[in-house]
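Heads up: the structure comes next, in structure tokens.
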Amino acid sequence: MKSVIKITTYWKIQLIGWIITSLYWGFSAFISGNFIWKIGIFDLILDVSIGITLTNLYRNFALKKGWTKLNLKILAPKIVLSILVLSFLYMLLIVSKLYLVRLFILENSPISFISFFKLTQLQVFITGTRLMSVWVLAYHLYHYSRLELETVKENAQLSIKIKEAQLNNLSAQLNPHFFFNSLNNIKFLVLENPSSARRAIDLLSDLLRNSLDTNIGKLISLNDEINLVRDYLELEKMRFEDRLQIKIEINADTSQHLILPFSIQTLVENAIKHGIEKRKSGGFIMVKVEMENSFIKISVQNSGRLIDQIQNSGIGLKNLNERLLLQYNGNASFDIKEMRDETVLATILIPSK
């Protein structure tokens, strides 16, 4: 079977656009009575070739330099300069084409090329500027509209992921195992240590309120996220007592940096549910936030085995990874690995700017 060559939409638009433009000029010459068929055919072929060559060179250059992703303030002067350069090249090529076609087709050259160039350069340059301006602006408008659509799509996906994270977080805090364990602990504390019981009730209330009240459309400060983690771990400490050791370190310079809600919380919950809970002797959880080059490094290390955490973590970690990719356009990263002495280390890297 013969292979079918498919022409992309870009090339279809290029061919149709430049052919229509050349035919318009030919029609104008035909109406005025100055049309010569042989010259008209050569003009059509060469006009289309010159137009496509120049604009496609610009397209390749713009894509290579990443101009399609620049904002308007940075892009505008580059567009103006490019249009002037393209117009100048267009003028040189079209004037040369006009002279050579008439020289070889009509076999008549009453004036020199320099004289012909001086007579036609301004009109051709103005025409080239108009054509190149329309093409370049239309090209970038197309890419801008695509970028806007992609941004809207990514924001919609991010909102869904954040909403899922909020619901997953609420579900984790409301699951019977966690909820009834907390209530049972509070019940015993009421008789043994009323002040601790009141504190436990406050912590449980705050956790549930934060899950319900967090604005899913916004980022939150690292300090607020850490406070949520502290409350959660304090409540779990009442349950595990000496079986759980906790350490939290946060660089003061990072405390007001904005991050995804429930990002650290997800890692800590995962460490409790699939690390500490599965060990009779319990273990430790260490949360650390620090600067590393141009990134904020968030690490959660806990006692446990990686295979247990990966097999039982459900969609929590996958959801977190997808949210990071969407929010930071691939510039953030998430990694989890097993360390020595049966410990697991989960790390998030977020751009500091």
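So you can find residues: chains in the structure tokens are A, B, ... in the order shown, residues in each start at 1, and ligands are numbered from 1 in order.
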
Fill in: Ile246 in chain A environment, 6 Å, only C-alpha atoms, sequence neighbours closer than 2 positions dropped, as a count of residues only
3

Near-Ala271 in chain A list (12 Å; only C-alpha atoms; drop same-chain fewer than 3 positions) as a short mmCIF file (atom, residue, chain, number, x, y, z; two decimals) with N, CA and C atoms, in the first residue's frame:
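The result, stored in result13.cif:
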```cif
data_model
loop_
_atom_site.label_atom_id
_atom_site.label_comp_id
_atom_site.auth_asym_id
_atom_site.auth_seq_id
_atom_site.Cartn_x
_atom_site.Cartn_y
_atom_site.Cartn_z
N LEU A 233 -0.25 15.73 65.19
CA LEU A 233 0.73 14.89 65.88
C LEU A 233 0.56 14.92 67.40
N GLU A 236 -2.18 12.54 68.08
CA GLU A 236 -1.70 11.16 67.92
C GLU A 236 -0.74 10.77 69.06
N LEU A 244 5.51 7.01 70.27
CA LEU A 244 5.70 7.99 69.20
C LEU A 244 6.60 9.13 69.67
N ILE A 246 8.38 12.70 68.35
CA ILE A 246 8.10 13.72 67.33
C ILE A 246 9.19 14.79 67.36
N ILE A 264 2.10 18.66 53.53
CA ILE A 264 2.88 18.03 54.60
C ILE A 264 1.99 17.11 55.42
N GLN A 265 0.76 17.54 55.64
CA GLN A 265 -0.20 16.74 56.41
C GLN A 265 -0.40 15.36 55.80
N THR A 266 -0.46 15.31 54.47
CA THR A 266 -0.62 14.03 53.78
C THR A 266 0.55 13.09 54.08
N LEU A 267 1.78 13.64 54.05
CA LEU A 267 2.95 12.81 54.33
C LEU A 267 2.97 12.32 55.77
N VAL A 268 2.57 13.20 56.70
CA VAL A 268 2.58 12.82 58.12
C VAL A 268 1.51 11.76 58.40
N HIS A 274 0.82 4.05 58.03
CA HIS A 274 1.50 2.93 57.39
C HIS A 274 2.91 2.71 57.91
N GLY A 275 3.32 3.51 58.90
CA GLY A 275 4.62 3.33 59.50
C GLY A 275 4.52 3.04 60.98
N ILE A 276 4.16 4.03 61.76
CA ILE A 276 4.12 3.91 63.23
C ILE A 276 3.11 2.88 63.69
N GLU A 277 1.89 2.93 63.14
CA GLU A 277 0.82 2.03 63.58
C GLU A 277 1.17 0.56 63.40
N LYS A 278 1.99 0.24 62.42
CA LYS A 278 2.29 -1.15 62.10
C LYS A 278 3.45 -1.70 62.93
N ARG A 279 4.03 -0.89 63.79
CA ARG A 279 5.16 -1.32 64.59
C ARG A 279 4.77 -1.39 66.07
N GLY A 282 6.38 1.15 67.97
CA GLY A 282 6.16 2.52 67.51
C GLY A 282 7.34 3.04 66.72
N GLY A 283 7.70 4.28 66.95
CA GLY A 283 8.82 4.85 66.23
C GLY A 283 8.81 6.36 66.30
N PHE A 284 9.49 7.00 65.35
CA PHE A 284 9.61 8.46 65.37
C PHE A 284 9.11 9.04 64.06
N ILE A 285 8.74 10.31 64.13
CA ILE A 285 8.43 11.09 62.94
C ILE A 285 9.19 12.41 63.06
N MET A 286 9.95 12.74 62.02
CA MET A 286 10.70 13.99 62.00
C MET A 286 10.30 14.79 60.77
N VAL A 287 9.82 16.00 61.00
CA VAL A 287 9.44 16.91 59.91
C VAL A 287 10.48 18.03 59.87
N SER A 299 10.93 17.66 54.25
CA SER A 299 11.17 16.22 54.40
C SER A 299 10.43 15.68 55.62
N VAL A 300 9.86 14.50 55.45
CA VAL A 300 9.19 13.79 56.54
C VAL A 300 9.82 12.41 56.62
N GLN A 301 10.49 12.12 57.74
CA GLN A 301 11.14 10.84 57.94
C GLN A 301 10.47 10.11 59.08
N ASN A 302 10.25 8.82 58.91
CA ASN A 302 9.56 8.05 59.94
C ASN A 302 10.06 6.62 60.00
N SER A 303 9.82 5.97 61.13
CA SER A 303 10.12 4.55 61.27
C SER A 303 9.14 3.76 60.42
N GLY A 304 9.63 2.74 59.72
CA GLY A 304 8.74 1.92 58.90
C GLY A 304 9.47 1.36 57.70
N ARG A 305 8.71 0.64 56.88
CA ARG A 305 9.24 0.04 55.66
C ARG A 305 8.54 0.66 54.46
N LEU A 306 9.29 0.92 53.42
CA LEU A 306 8.73 1.58 52.25
C LEU A 306 7.67 0.74 51.56
N ASP A 308 5.51 -1.26 52.75
CA ASP A 308 4.22 -1.15 53.45
C ASP A 308 3.55 0.17 53.12
N GLN A 309 4.32 1.26 53.11
CA GLN A 309 3.73 2.57 52.87
C GLN A 309 3.25 2.72 51.43
N ILE A 310 4.01 2.20 50.48
CA ILE A 310 3.61 2.31 49.07
C ILE A 310 2.38 1.47 48.78
N ASN A 312 0.03 0.52 50.80
CA ASN A 312 -1.18 0.86 51.54
C ASN A 312 -1.53 2.35 51.53
N SER A 313 -0.76 3.13 50.80
CA SER A 313 -0.98 4.58 50.87
C SER A 313 -2.15 5.04 50.02
N GLY A 316 -3.37 8.87 48.14
CA GLY A 316 -2.88 10.07 48.81
C GLY A 316 -1.59 10.61 48.22
N LEU A 317 -0.57 9.75 48.11
CA LEU A 317 0.72 10.20 47.60
C LEU A 317 0.65 10.51 46.11
N ILE A 336 9.96 9.53 47.52
CA ILE A 336 9.88 8.75 48.74
C ILE A 336 10.80 7.53 48.59
N THR A 343 13.78 2.99 58.10
CA THR A 343 13.14 4.31 58.10
C THR A 343 12.80 4.70 56.67
N VAL A 344 11.77 5.52 56.54
CA VAL A 344 11.31 5.97 55.23
C VAL A 344 11.42 7.49 55.18
N LEU A 345 11.91 8.02 54.06
CA LEU A 345 12.08 9.46 53.89
C LEU A 345 11.27 9.93 52.68
N ALA A 346 10.34 10.85 52.95
CA ALA A 346 9.55 11.47 51.87
C ALA A 346 10.00 12.93 51.75
#
```

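The gap separating CA of Val152 in chain A from CA of Ile298 in chain A is 28.4 Å, in Å to one decimal.
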
Worksheet item: Closest to Lys353 in chain A among A:Ile259, A:Asn319, A:Leu324, A:Leu204, using only C-alpha atoms?
Response: A:Ile259

Practice prompt. For range 64-76 of chain A, list every protein, DNA or RNA residue within 7 Å, evaluated using only C-alpha atoms, and leave out those in the same chain fewer than 4 positions away; present the list as a PyMOL selection string.
Written response: chain A and resi 60+80+140+143

Item to complete: Could you please write out, as a PyMOL selection string, every residue of range 218-286 of chain A that DSSP assigns to alpha helix (DSSP H)?
Response: chain A and resi 222-240+263-271

File dump, residues just selected, N, CA and C atoms, as a PDB file, in the first residue's frame:
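The resulting file, selection.pdb, is shown below:
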```pdb
ATOM      1  N   LEU A 222       3.393  28.101  54.924  1.00  0.00           N
ATOM      2  CA  LEU A 222       4.048  26.942  55.516  1.00  0.00           C
ATOM      3  C   LEU A 222       3.786  26.907  57.016  1.00  0.00           C
ATOM      4  N   ASN A 223       3.734  28.078  57.620  1.00  0.00           N
ATOM      5  CA  ASN A 223       3.500  28.152  59.063  1.00  0.00           C
ATOM      6  C   ASN A 223       2.134  27.581  59.434  1.00  0.00           C
ATOM      7  N   ASP A 224       1.106  27.912  58.639  1.00  0.00           N
ATOM      8  CA  ASP A 224      -0.239  27.388  58.906  1.00  0.00           C
ATOM      9  C   ASP A 224      -0.282  25.866  58.708  1.00  0.00           C
ATOM     10  N   GLU A 225       0.401  25.393  57.668  1.00  0.00           N
ATOM     11  CA  GLU A 225       0.431  23.952  57.424  1.00  0.00           C
ATOM     12  C   GLU A 225       1.141  23.219  58.570  1.00  0.00           C
ATOM     13  N   ILE A 226       2.238  23.792  59.042  1.00  0.00           N
ATOM     14  CA  ILE A 226       2.979  23.184  60.148  1.00  0.00           C
ATOM     15  C   ILE A 226       2.145  23.173  61.428  1.00  0.00           C
ATOM     16  N   ASN A 227       1.376  24.237  61.664  1.00  0.00           N
ATOM     17  CA  ASN A 227       0.500  24.274  62.840  1.00  0.00           C
ATOM     18  C   ASN A 227      -0.544  23.168  62.787  1.00  0.00           C
ATOM     19  N   LEU A 228      -1.072  22.914  61.583  1.00  0.00           N
ATOM     20  CA  LEU A 228      -2.026  21.825  61.408  1.00  0.00           C
ATOM     21  C   LEU A 228      -1.359  20.483  61.712  1.00  0.00           C
ATOM     22  N   VAL A 229      -0.123  20.324  61.235  1.00  0.00           N
ATOM     23  CA  VAL A 229       0.634  19.091  61.482  1.00  0.00           C
ATOM     24  C   VAL A 229       0.918  18.919  62.969  1.00  0.00           C
ATOM     25  N   ARG A 230       1.268  20.012  63.647  1.00  0.00           N
ATOM     26  CA  ARG A 230       1.549  19.951  65.093  1.00  0.00           C
ATOM     27  C   ARG A 230       0.311  19.469  65.863  1.00  0.00           C
ATOM     28  N   ASP A 231      -0.858  20.021  65.501  1.00  0.00           N
ATOM     29  CA  ASP A 231      -2.095  19.622  66.183  1.00  0.00           C
ATOM     30  C   ASP A 231      -2.380  18.143  65.967  1.00  0.00           C
ATOM     31  N   TYR A 232      -2.201  17.714  64.715  1.00  0.00           N
ATOM     32  CA  TYR A 232      -2.460  16.310  64.395  1.00  0.00           C
ATOM     33  C   TYR A 232      -1.523  15.391  65.172  1.00  0.00           C
ATOM     34  N   LEU A 233      -0.248  15.730  65.191  1.00  0.00           N
ATOM     35  CA  LEU A 233       0.727  14.885  65.876  1.00  0.00           C
ATOM     36  C   LEU A 233       0.557  14.920  67.398  1.00  0.00           C
ATOM     37  N   GLU A 234       0.135  16.061  67.910  1.00  0.00           N
ATOM     38  CA  GLU A 234      -0.105  16.145  69.355  1.00  0.00           C
ATOM     39  C   GLU A 234      -1.244  15.225  69.768  1.00  0.00           C
ATOM     40  N   LEU A 235      -2.277  15.190  68.936  1.00  0.00           N
ATOM     41  CA  LEU A 235      -3.403  14.307  69.216  1.00  0.00           C
ATOM     42  C   LEU A 235      -2.983  12.841  69.089  1.00  0.00           C
ATOM     43  N   GLU A 236      -2.176  12.536  68.080  1.00  0.00           N
ATOM     44  CA  GLU A 236      -1.700  11.163  67.924  1.00  0.00           C
ATOM     45  C   GLU A 236      -0.744  10.774  69.060  1.00  0.00           C
ATOM     46  N   LYS A 237      -0.022  11.741  69.573  1.00  0.00           N
ATOM     47  CA  LYS A 237       0.887  11.474  70.686  1.00  0.00           C
ATOM     48  C   LYS A 237       0.115  11.009  71.919  1.00  0.00           C
ATOM     49  N   MET A 238      -1.083  11.559  72.100  1.00  0.00           N
ATOM     50  CA  MET A 238      -1.922  11.127  73.222  1.00  0.00           C
ATOM     51  C   MET A 238      -2.342   9.669  73.054  1.00  0.00           C
ATOM     52  N   ARG A 239      -2.449   9.232  71.810  1.00  0.00           N
ATOM     53  CA  ARG A 239      -2.849   7.853  71.552  1.00  0.00           C
ATOM     54  C   ARG A 239      -1.666   6.898  71.679  1.00  0.00           C
ATOM     55  N   PHE A 240      -0.546   7.258  71.076  1.00  0.00           N
ATOM     56  CA  PHE A 240       0.606   6.358  71.069  1.00  0.00           C
ATOM     57  C   PHE A 240       1.499   6.516  72.304  1.00  0.00           C
ATOM     58  N   SER A 263      -0.337  19.329  52.103  1.00  0.00           N
ATOM     59  CA  SER A 263       0.785  18.634  51.462  1.00  0.00           C
ATOM     60  C   SER A 263       1.654  17.922  52.503  1.00  0.00           C
ATOM     61  N   ILE A 264       2.101  18.659  53.533  1.00  0.00           N
ATOM     62  CA  ILE A 264       2.885  18.030  54.597  1.00  0.00           C
ATOM     63  C   ILE A 264       1.988  17.115  55.422  1.00  0.00           C
ATOM     64  N   GLN A 265       0.757  17.535  55.642  1.00  0.00           N
ATOM     65  CA  GLN A 265      -0.203  16.745  56.410  1.00  0.00           C
ATOM     66  C   GLN A 265      -0.396  15.363  55.796  1.00  0.00           C
ATOM     67  N   THR A 266      -0.456  15.312  54.471  1.00  0.00           N
ATOM     68  CA  THR A 266      -0.616  14.027  53.779  1.00  0.00           C
ATOM     69  C   THR A 266       0.550  13.087  54.080  1.00  0.00           C
ATOM     70  N   LEU A 267       1.776  13.636  54.052  1.00  0.00           N
ATOM     71  CA  LEU A 267       2.951  12.813  54.327  1.00  0.00           C
ATOM     72  C   LEU A 267       2.975  12.325  55.771  1.00  0.00           C
ATOM     73  N   VAL A 268       2.571  13.197  56.697  1.00  0.00           N
ATOM     74  CA  VAL A 268       2.576  12.825  58.125  1.00  0.00           C
ATOM     75  C   VAL A 268       1.514  11.763  58.401  1.00  0.00           C
ATOM     76  N   GLU A 269       0.322  11.936  57.844  1.00  0.00           N
ATOM     77  CA  GLU A 269      -0.737  10.938  58.019  1.00  0.00           C
ATOM     78  C   GLU A 269      -0.290   9.588  57.449  1.00  0.00           C
ATOM     79  N   ASN A 270       0.355   9.637  56.287  1.00  0.00           N
ATOM     80  CA  ASN A 270       0.846   8.407  55.672  1.00  0.00           C
ATOM     81  C   ASN A 270       1.877   7.719  56.573  1.00  0.00           C
ATOM     82  N   ALA A 271       2.740   8.533  57.186  1.00  0.00           N
ATOM     83  CA  ALA A 271       3.767   7.988  58.079  1.00  0.00           C
ATOM     84  C   ALA A 271       3.150   7.340  59.319  1.00  0.00           C
TER      85      ALA A 271
END
```

Item to complete: State, in Å with one decimal place, the distance from CA of Leu57 in chain A to CA of Thr21 in chain A.
Response: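 Going from CA of Leu57 in chain A over to CA of Thr21 in chain A, I get 19.1 Å.
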
Worksheet entry | Selection: 9 Å around Lys161 in chain A, only C-alpha atoms, excl. self and same-chain fewer than 5 positions, as a list in words | Ala156, Gln166, Asn319, Leu320, Glu322 and Arg323 of chain A

Worksheet item: Interatomic distance between CA of Thr127 in chain A and CA of Ser87 in chain A?
Response: 8.2 Å

Fill in: Residue among A:Ile296, A:Ile39, A:Ile50, A:Lys218 lying closest to Leu158 in chain A, counting only C-alpha atoms
A:Lys218

Practice prompt. Please provide the set of residues having any atom within 9 Å of Ile186 in chain A, restricted to only C-alpha atoms, with same-chain residues fewer than 5 positions apart removed, written as number ranges by chain.
Written response: A: 181, 194, 196-198, 200-201, 238

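Counting only C-alpha atoms, Ala138 in chain A has the following residues at most 12 Å away, ignoring those fewer than 2 positions along the same chain: A:Ile13, A:Gln14, A:Gly17, A:Thr55, A:Arg59, A:Thr68, A:Ile79, A:Leu131, A:Met132, A:Ser133, A:Val134, A:Trp135, A:Val136, A:His140, A:Leu141, A:Tyr142, A:His143, A:Tyr144, A:Ser145.
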